[in-house]
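Notes for the one structure printed next.
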Amino acid sequence: MLFSEFEQEKSNPDAAVPDPSLKIEPGPNGACVVDGLYPLPLESTSRLYPRGQSIAVLDTGGANLGELLTCAGEEFALPRFSAGYLAAYLADISSSAYGQAGNFSRDYFLVRTDRLVEYSSEYLNGSAVWGGFQHILPLPANYVVTSAEPVRAVKGVTLPTDFHVEAASRSVAQPYAFERFLKLYHLLELSFDRSVVLKIQALGPDLKRIGQIFSSLDSNELTRLKQIIQECRDAGPIIECIRVLTADPRWQDHIRAIFFDFGKAGNPLSSKEQEFLSVLRSGGYNLQNIQPIAGIQAGGPSPAQQKAFETFSLNLAAYWIYRVRSSIAHNRIGEYLMRAEDEPFVTFFAEPLLRCVLTQVLR
């Protein structure tokens with residue numbers, strides 16, 4: 001609600017009246033400023049902070065910079081609003097909603113107008129780090145999902161522990177593809193730990209066999225990931241998923257960059273980039289086409305060759321998932337640095353592959 005709109009609304013004889021001791025005046029961009037506080041809407045606020053609070057924000061010298069208002073979901077109470085609440089309220093509503101019942105749609109940071117320029121240039125971009133709250137900022141690339149394929153339900157998928165349930169719930173709540181992928185990846189990590197626990201429980205007091213299990217554990221994350229994926233019920237759906245995903249030419253540049261240009265040890269297709277991309281452009285991902293570059297015995301197909309193809313495909317899926325996870329989680333030299341323009345690849349290539357693997361691991 002702009003200041004000009006507020007002036008028009010308050011002239012209505014029946015209009016609700018805020019605390020008359022508060023000074024409401026026009027601010028930058030025509031917004032309403034209350035007692036020198038300018039409202040900046042927040043995208044999200046850490047759960048470190050209690051709800052329904054006004055929390056002082058100080059600069060490094062201890063001087064007042066503004067206040068964090070954790071008001072999202074609170075009911076409007078116009079006559080009782082303090083300066084910060086009133087500034088947030090006038091920013092939160094449209095002119096037609098003035099004086100009506102409702103709730104705050106989001107949290108706000110109220111910055112002093114005499115420090116607004118300083119805050120915007122020196123503090124705003126780092127608020128997620130130093131303050132645990134994120135301002136609404138334009139993304140470097142606007143990506144919105146506008147269509148979707150039918151969802152295929154998978155029977156028998158279970159979440160065996162409360163940790164699995166929590167990780168799955170958080171993956172659904174994440175609005176961004178990168179964070180959603182990491183939460184889903186946590187389910188694989190939990191599944192590996194649970195697999196080890198179940199193996200130990202099955203041995204009872206056999207200390208020798210327990211020792212063998214511990215000695216076989218590998219600290220290498222990719223190796224652990226391959227171990228848990230190799231235990232999945234059925235490799236068929238994962239192979240089909242790889243075939244469908246790699247048939248889409250949109251992802252070939254990302255396949256080359258993430259899995260080869262920035263590839264690491266453990267790549268089942270190491271030094272075979274051109275051969276693999278050629279396969280994708282011609283016959284597609286299947287046993288016959290992959291045989292020569294996957295080290296699978298020629299001829300067939302025989303049960304042994306099919307089994308070798310399944311093992312290769314599961315290891316390939318593990319490596320791809322691991323590389324995407326590393327590219328998202330590790331912003332450092334030597335890694336492919338994920339940017340906003342990479343979100344479609346994560347959404348429509350990496351995440352479907354990870355979900356497919358999870359449906360088999362968790363059955």
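Naming scheme: A, B, ... for chains in displayed order of the structure tokens; residues 1 onward per chain; ligands 1 onward as shown.
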
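Residues in contact with Asn29 of chain A at up to 10 Å, not including ones fewer than 2 positions away on its chain and judged by only C-alpha atoms, are A:Leu2, A:Phe3, A:Pro26, A:Gly27, A:Ala31, A:Cys32.
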
Discussion item. Show me, as JSON, numbers by chain, the residues that have an atom within 10 Å of Arg325 of chain A when counting only C-alpha atoms, minus same-chain residues fewer than 5 positions from it.
Written reply: {"A": [178, 179, 181, 182, 185, 319, 320, 330, 346, 350]}

Worksheet item: In segment 88-130 of chain A, what's alpha helix (DSSP H) per DSSP? Answer as a list in words?
Response: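 The residues of segment 88-130 of chain A classed as alpha helix (DSSP H) are Ala88, Tyr89, Leu90, Ala91, Asp92, Leu116, Val117, Glu118, Tyr119, Ser120, Ser121, Glu122, Ser127, Ala128, Val129 and Trp130 of chain A.
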
Would you mind exporting the chosen residues as an mmCIF file, in the first residue's frame, restricted to C-alpha atoms?
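Contents of part01.cif, as written:
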data_model
loop_
_atom_site.group_PDB
_atom_site.id
_atom_site.type_symbol
_atom_site.label_atom_id
_atom_site.label_comp_id
_atom_site.auth_asym_id
_atom_site.auth_seq_id
_atom_site.Cartn_x
_atom_site.Cartn_y
_atom_site.Cartn_z
ATOM 1 C CA ALA A 88 4.934 -3.767 7.920
ATOM 2 C CA TYR A 89 1.126 -3.823 7.819
ATOM 3 C CA LEU A 90 0.894 -0.949 5.347
ATOM 4 C CA ALA A 91 3.452 -2.702 3.129
ATOM 5 C CA ASP A 92 1.694 -6.069 3.417
ATOM 6 C CA LEU A 116 18.404 2.607 4.017
ATOM 7 C CA VAL A 117 21.000 3.328 1.313
ATOM 8 C CA GLU A 118 23.808 2.077 3.542
ATOM 9 C CA TYR A 119 21.873 -1.055 4.473
ATOM 10 C CA SER A 120 20.975 -1.831 0.860
ATOM 11 C CA SER A 121 24.571 -1.580 -0.344
ATOM 12 C CA GLU A 122 26.527 -2.896 2.651
ATOM 13 C CA SER A 127 21.628 -10.998 5.747
ATOM 14 C CA ALA A 128 21.185 -14.749 5.282
ATOM 15 C CA VAL A 129 24.688 -15.259 6.702
ATOM 16 C CA TRP A 130 24.928 -12.691 9.488
#

Fill in: Gly132 of chain A environment, 12 Å, only C-alpha atoms, sequence neighbours closer than 3 positions dropped, as a list in words
Leu42, Glu43, Ser44, Thr45, Ser46, Arg47, Leu48, Tyr49, Val57, Leu68, Thr70, Phe109, Leu124, Asn125, Gly126, Ser127, Ala128, Val129 and His135 of chain A

May I have the selected residues written with all heavy atoms, as a compact mmCIF listing (two decimals), in the first residue's frame?
# COMPACT_ATOMS: atom_id res chain seq x y z
N LEU A 42 10.57 -9.98 3.68
CA LEU A 42 11.54 -11.06 3.74
C LEU A 42 11.01 -12.30 3.03
O LEU A 42 9.82 -12.63 3.14
CB LEU A 42 11.88 -11.41 5.19
CG LEU A 42 12.50 -10.28 6.01
CD1 LEU A 42 12.81 -10.77 7.43
CD2 LEU A 42 13.75 -9.74 5.34
N GLU A 43 11.90 -12.99 2.33
CA GLU A 43 11.57 -14.25 1.68
C GLU A 43 11.42 -15.36 2.70
O GLU A 43 10.52 -16.19 2.64
CB GLU A 43 12.66 -14.61 0.67
CG GLU A 43 12.42 -15.90 -0.09
CD GLU A 43 11.34 -15.76 -1.14
OE1 GLU A 43 11.31 -14.74 -1.83
OE2 GLU A 43 10.53 -16.70 -1.25
N SER A 44 12.33 -15.40 3.67
CA SER A 44 12.30 -16.44 4.70
C SER A 44 13.10 -15.98 5.91
O SER A 44 13.97 -15.11 5.81
CB SER A 44 12.87 -17.76 4.16
OG SER A 44 14.17 -17.56 3.64
N THR A 45 12.78 -16.60 7.05
CA THR A 45 13.44 -16.27 8.31
C THR A 45 13.78 -17.56 9.03
O THR A 45 12.97 -18.49 9.08
CB THR A 45 12.51 -15.41 9.21
OG1 THR A 45 12.08 -14.26 8.47
CG2 THR A 45 13.24 -14.96 10.46
N SER A 46 14.97 -17.63 9.60
CA SER A 46 15.42 -18.83 10.30
C SER A 46 14.51 -19.14 11.48
O SER A 46 13.99 -18.23 12.15
CB SER A 46 16.86 -18.65 10.79
OG SER A 46 17.24 -19.69 11.65
N ARG A 47 14.37 -20.42 11.77
CA ARG A 47 13.59 -20.84 12.93
C ARG A 47 14.35 -20.62 14.24
O ARG A 47 13.87 -20.98 15.31
CB ARG A 47 13.21 -22.31 12.79
CG ARG A 47 12.22 -22.56 11.66
CD ARG A 47 11.70 -23.98 11.67
NE ARG A 47 10.75 -24.22 10.60
CZ ARG A 47 10.10 -25.36 10.42
NH1 ARG A 47 10.32 -26.37 11.25
NH2 ARG A 47 9.24 -25.49 9.44
N LEU A 48 15.53 -20.05 14.14
CA LEU A 48 16.26 -19.66 15.34
C LEU A 48 15.49 -18.61 16.14
O LEU A 48 15.68 -18.47 17.34
CB LEU A 48 17.63 -19.09 14.97
CG LEU A 48 18.68 -20.05 14.40
CD1 LEU A 48 19.86 -19.26 13.86
CD2 LEU A 48 19.12 -21.02 15.48
N TYR A 49 14.62 -17.86 15.45
CA TYR A 49 13.93 -16.75 16.08
C TYR A 49 12.51 -17.14 16.50
O TYR A 49 11.81 -17.84 15.75
CB TYR A 49 13.87 -15.56 15.12
CG TYR A 49 15.22 -15.07 14.69
CD1 TYR A 49 15.63 -15.16 13.36
CD2 TYR A 49 16.10 -14.52 15.61
CE1 TYR A 49 16.87 -14.70 12.96
CE2 TYR A 49 17.36 -14.06 15.22
CZ TYR A 49 17.74 -14.15 13.90
OH TYR A 49 18.97 -13.71 13.51
N VAL A 57 18.14 -5.10 15.54
CA VAL A 57 19.29 -5.43 14.71
C VAL A 57 20.29 -4.28 14.83
O VAL A 57 19.96 -3.13 14.51
CB VAL A 57 18.88 -5.64 13.24
CG1 VAL A 57 20.10 -5.91 12.37
CG2 VAL A 57 17.89 -6.80 13.13
N LEU A 68 13.99 -6.70 13.19
CA LEU A 68 13.46 -7.88 12.51
C LEU A 68 12.10 -8.20 13.12
O LEU A 68 11.98 -8.37 14.34
CB LEU A 68 14.41 -9.07 12.70
CG LEU A 68 13.91 -10.43 12.23
CD1 LEU A 68 13.68 -10.44 10.72
CD2 LEU A 68 14.92 -11.52 12.62
N THR A 70 9.12 -10.84 13.18
CA THR A 70 8.69 -12.19 12.80
C THR A 70 7.17 -12.27 12.93
O THR A 70 6.63 -12.91 13.84
CB THR A 70 9.38 -13.25 13.69
OG1 THR A 70 9.10 -12.96 15.08
CG2 THR A 70 10.88 -13.24 13.49
N PHE A 109 11.81 -6.82 7.64
CA PHE A 109 12.89 -6.11 8.30
C PHE A 109 12.61 -4.62 8.16
O PHE A 109 12.38 -4.13 7.06
CB PHE A 109 14.25 -6.44 7.67
CG PHE A 109 15.38 -5.67 8.30
CD1 PHE A 109 15.78 -5.94 9.59
CD2 PHE A 109 16.01 -4.64 7.62
CE1 PHE A 109 16.81 -5.22 10.21
CE2 PHE A 109 17.04 -3.91 8.20
CZ PHE A 109 17.43 -4.21 9.50
N LEU A 124 22.47 -5.81 3.06
CA LEU A 124 21.32 -6.59 2.60
C LEU A 124 21.69 -7.95 2.00
O LEU A 124 21.10 -8.97 2.36
CB LEU A 124 20.52 -5.75 1.59
CG LEU A 124 19.18 -6.33 1.12
CD1 LEU A 124 18.18 -5.18 0.86
CD2 LEU A 124 19.35 -7.11 -0.18
N ASN A 125 22.67 -7.97 1.11
CA ASN A 125 23.00 -9.23 0.42
C ASN A 125 23.56 -10.29 1.36
O ASN A 125 23.53 -11.47 1.04
CB ASN A 125 24.00 -8.97 -0.71
CG ASN A 125 23.34 -8.31 -1.91
OD1 ASN A 125 22.15 -8.46 -2.13
ND2 ASN A 125 24.12 -7.56 -2.67
N GLY A 126 24.08 -9.87 2.51
CA GLY A 126 24.66 -10.84 3.45
C GLY A 126 23.77 -11.22 4.60
O GLY A 126 24.20 -11.92 5.53
N SER A 127 22.50 -10.78 4.59
CA SER A 127 21.63 -11.00 5.75
C SER A 127 21.39 -12.47 6.06
O SER A 127 21.21 -12.83 7.22
CB SER A 127 20.28 -10.29 5.52
OG SER A 127 19.56 -10.89 4.45
N ALA A 128 21.39 -13.32 5.03
CA ALA A 128 21.19 -14.75 5.28
C ALA A 128 22.32 -15.33 6.11
O ALA A 128 22.11 -16.27 6.89
CB ALA A 128 21.06 -15.50 3.95
N VAL A 129 23.52 -14.75 5.98
CA VAL A 129 24.69 -15.26 6.70
C VAL A 129 24.77 -14.66 8.09
O VAL A 129 24.87 -15.36 9.10
CB VAL A 129 25.99 -14.97 5.92
CG1 VAL A 129 27.21 -15.44 6.70
CG2 VAL A 129 25.94 -15.65 4.55
N HIS A 135 16.17 -11.54 2.29
CA HIS A 135 15.31 -10.57 1.63
C HIS A 135 14.79 -11.12 0.31
O HIS A 135 15.38 -12.03 -0.28
CB HIS A 135 16.08 -9.28 1.37
CG HIS A 135 16.39 -8.51 2.61
ND1 HIS A 135 15.52 -7.60 3.16
CD2 HIS A 135 17.48 -8.53 3.42
CE1 HIS A 135 16.05 -7.08 4.24
NE2 HIS A 135 17.23 -7.62 4.44

Worksheet item: Leaving out Leu316 of chain A and any residue of its chain fewer than 4 positions from it, which residues lie within 9 Å of it when counting only C-alpha atoms, given as a list of chain:residue names?
Response: A:Lys226, A:Asn267, A:Pro268, A:Leu269, A:Thr311, A:Phe312, A:Trp320, A:Ile321

N, CA, C and O atoms of the current selection, written as a PDB file, in the first residue's frame:
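Output file result-v8.pdb follows:
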ATOM      1  N   LYS A 226      27.645 -46.192  -3.990  1.00  0.00           N
ATOM      2  CA  LYS A 226      27.533 -47.333  -4.906  1.00  0.00           C
ATOM      3  C   LYS A 226      27.070 -48.580  -4.168  1.00  0.00           C
ATOM      4  O   LYS A 226      26.248 -49.353  -4.690  1.00  0.00           O
ATOM      5  N   ASN A 267      34.422 -42.323 -12.088  1.00  0.00           N
ATOM      6  CA  ASN A 267      33.535 -42.212 -13.243  1.00  0.00           C
ATOM      7  C   ASN A 267      33.601 -43.517 -14.059  1.00  0.00           C
ATOM      8  O   ASN A 267      34.657 -43.853 -14.594  1.00  0.00           O
ATOM      9  N   PRO A 268      32.496 -44.251 -14.166  1.00  0.00           N
ATOM     10  CA  PRO A 268      32.513 -45.499 -14.952  1.00  0.00           C
ATOM     11  C   PRO A 268      32.819 -45.268 -16.432  1.00  0.00           C
ATOM     12  O   PRO A 268      33.164 -46.214 -17.140  1.00  0.00           O
ATOM     13  N   LEU A 269      32.694 -44.015 -16.878  1.00  0.00           N
ATOM     14  CA  LEU A 269      32.936 -43.693 -18.290  1.00  0.00           C
ATOM     15  C   LEU A 269      34.158 -42.795 -18.454  1.00  0.00           C
ATOM     16  O   LEU A 269      34.239 -42.018 -19.408  1.00  0.00           O
ATOM     17  N   THR A 311      24.828 -53.709 -13.309  1.00  0.00           N
ATOM     18  CA  THR A 311      25.837 -53.229 -12.362  1.00  0.00           C
ATOM     19  C   THR A 311      26.458 -51.933 -12.841  1.00  0.00           C
ATOM     20  O   THR A 311      26.622 -50.975 -12.072  1.00  0.00           O
ATOM     21  N   PHE A 312      26.793 -51.888 -14.135  1.00  0.00           N
ATOM     22  CA  PHE A 312      27.367 -50.673 -14.713  1.00  0.00           C
ATOM     23  C   PHE A 312      26.400 -49.499 -14.583  1.00  0.00           C
ATOM     24  O   PHE A 312      26.787 -48.386 -14.204  1.00  0.00           O
ATOM     25  N   TRP A 320      26.669 -40.142 -11.099  1.00  0.00           N
ATOM     26  CA  TRP A 320      25.979 -38.928 -11.525  1.00  0.00           C
ATOM     27  C   TRP A 320      25.326 -38.215 -10.339  1.00  0.00           C
ATOM     28  O   TRP A 320      25.405 -36.994 -10.208  1.00  0.00           O
ATOM     29  N   ILE A 321      24.652 -38.973  -9.494  1.00  0.00           N
ATOM     30  CA  ILE A 321      24.014 -38.374  -8.313  1.00  0.00           C
ATOM     31  C   ILE A 321      25.062 -37.732  -7.411  1.00  0.00           C
ATOM     32  O   ILE A 321      24.877 -36.618  -6.905  1.00  0.00           O
TER      33      ILE A 321
END
